[in-house]
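Here is the structure we will look at, set down as structure tokens.
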Amino acid sequence: MKKQVIGLIDGQSGNIGSINKAIKEIIKGRSYQLKIIRGEFDYSLYNKIILPGQGAYATLISNLKKLKIYNPLKTYLENNFSYLGICVGMQILSDMGHEEKTTRGLGIIAGEIKKFKSKNLIIPHMGWNSIRLNKEDQIIKKNLDNKDFYFVHSYIFQNIKKSNVLANTHYGKKFPSIIKKGNIYGVQFHPEKSHKYGLNLIKNYILKS
Amino acid sequence: MLKIRIIPCLDVIKNKVVKGVNFKNIKVMGNAVEMARYYSLSGADELCMLDINASYQNRKTFIKTVEAIAKVINIPLTVGGGVSGLDDITDLLNAGADKVSINSAAVKNPKLIRQASLKHGSQCIVVAIDGKRYENKMKVVVKGGREITKKELIVWAKQVQSLGAGEILMTSMDTDGVQNGFDSSMLKKVTSNVSIPVIASGGVGNLEHFYLGHLTKSTGLLAASVFHSGKYKIMSVKKYLKNKGVPVRL
């Protein structure tokens, strides 16, 4: 049987060590291969692509363009191939990011990225918070409903279609913490830092979606 | 709902967790990698490790220890101690730290906070502040409290926030090491003047101290001795807090 190829994009936006380690643990002894993507790539060679991101929306977009990852990634996503975006890696799926300046995103899932707006709220939203499941999915089963995941962010996905939201989290207000359109997923938290439940989610994404 | 973070802190020399406020009478508490693994498995929400003797020779082993720890835990890791410039921050992030804490280098050169947060993002830049009362004022101190700077604590806390720090690790040198509880009045003063997360540090001796720390609006509670000595397990602290109505991750 041909090995499934998982691409992990290093967008020079935070270190990829934790997610790299998590993927390796999951695919050990299984028919999968992990490749790190650091520049232009042939998207047709990949079965799944994971993009973790930290820091600013505009920085990640400009890094991806500089590294020549942006165009093949956009085509990959427009073809509805399997993707998991983490934190800013999820946010750039939107049409637009309003962080420092307004930046155009990949435009895959309709919506915009805006700052948490609420008086007396400690920003960034940093720490463990629970998710409430909207609907079950291959990557997120009932056993993960109401469990805690590790968040660190100041911006949230807004004006998103309700049908694209798999789970919400509450901080000052309700915001989408897991989103999906077709085979494309985004999570606002960091599953790679979220202990066993986080690993469970990554495992579901790789093996079951 | 956001949960309070219980954060064990490892004071490290090379690859050993030590206890000893001054550099005499240093007592080895255990192997850093083993202890980190244990805390990650037993419910710690984050881990903090500090190089308390960052000499050139020790540093290499310390960085290797950071790498080894990052490989065995799957919770966030904050690393500090001996960070003097941008290169140190990059090295630690590359070694697997999720956040880097800067202390006296930031006091000496506040621009470092801005540069570091622009380069790596605010979310991974923690500014550690050591505070102490002096002539009826709360001041910023360095060198483990031995040197009192001209900076007023609250002015500095607000400044580090505006320079782009993602979080403040606030240690009171008036309560550190005494195990009589966190410095509630100092912490409240800081949390009411900034809007970034504050981690309370210095002084935990019993379970109630954790609860009182939560009341200061600090979102992280850091402790060392009570965990390393085995006096409390992380889960017993969390269960205690839960009974008091504090949101915790169980």
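Residue numbering restarts at 1 in every chain; chains get A, B, ... in the order shown in the structure tokens, and ligands count up from 1 in that same order.
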Any idea which chain B residues end up within 10 Å of chain A if we count only C-alpha atoms, as a ChimeraX atom specification please?
/B:1-5,40-41,43-46,67,70-77,93-99,117-124,166-167,191-192,194-198,217,219-220,247-250
Write out as a compact mmCIF listing (two decimals) with C-alpha atoms, in the first residue's frame which residues come within 9 Å of Thr216 (chain B) when counting only C-alpha atoms, dropping same-chain ones fewer than 4 positions away.
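Final output, saved to part-v4.txt:
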```txt
# COMPACT_ATOMS: atom_id res chain seq x y z
CA SER B 184 -1.57 39.87 47.56
CA SER B 185 -1.35 43.64 47.79
CA MET B 186 1.53 43.86 45.32
CA LEU B 187 -0.18 41.46 42.89
CA LYS B 188 -3.51 43.28 43.06
CA LYS B 189 -1.77 46.53 42.35
CA THR B 191 -3.26 43.16 37.91
CA SER B 192 -5.43 46.26 38.30
CA ALA B 200 1.78 35.23 40.63
CA LEU B 212 -5.71 33.87 47.86
```
Residues within 12 Å of Lys3 (chain A), please, as a PyMOL selection string. Count only C-alpha atoms; anything in the same chain fewer than 6 positions from it doesn't count.
chain A and resi 27+29-35+45-48
Selection near Leu207 (chain B), 12 Å with only C-alpha atoms, sequence-local residues under 2 positions removed, as an MDAnalysis selection string:
chainID B and resid 179:182 203:205 209:214 221 223 226:227 231:244
Pick the closest to Tyr70 (chain A) from A:Phe189, A:Tyr205, A:Phe41, A:Tyr197: which is it, counting only C-alpha atoms?
A:Phe41
Just want the 9 Å neighbourhood of Ile26 (chain A), counted on only C-alpha atoms, with same-chain residues fewer than 6 positions away dropped. Output as a ChimeraX atom specification.
/A:199,202-203,206-207
Export of prior selection with N, CA, C and O atoms as a compact mmCIF listing (two decimals), in the first residue's frame:
```
# COMPACT_ATOMS: atom_id res chain seq x y z
N LEU A 199 -3.83 15.66 21.70
CA LEU A 199 -3.26 14.58 20.88
C LEU A 199 -4.36 13.74 20.25
O LEU A 199 -4.26 13.30 19.11
N ILE A 202 -5.55 15.53 17.15
CA ILE A 202 -4.60 15.41 16.03
C ILE A 202 -4.65 14.00 15.45
O ILE A 202 -4.64 13.79 14.24
N LYS A 203 -4.74 13.03 16.35
CA LYS A 203 -4.82 11.63 15.93
C LYS A 203 -6.07 11.39 15.08
O LYS A 203 -6.01 10.77 14.01
N ILE A 206 -5.55 12.87 11.64
CA ILE A 206 -4.65 12.12 10.76
C ILE A 206 -5.23 10.76 10.35
O ILE A 206 -5.22 10.39 9.19
N LEU A 207 -5.78 10.05 11.31
CA LEU A 207 -6.18 8.67 11.03
C LEU A 207 -7.63 8.53 10.55
O LEU A 207 -7.96 7.58 9.85
```
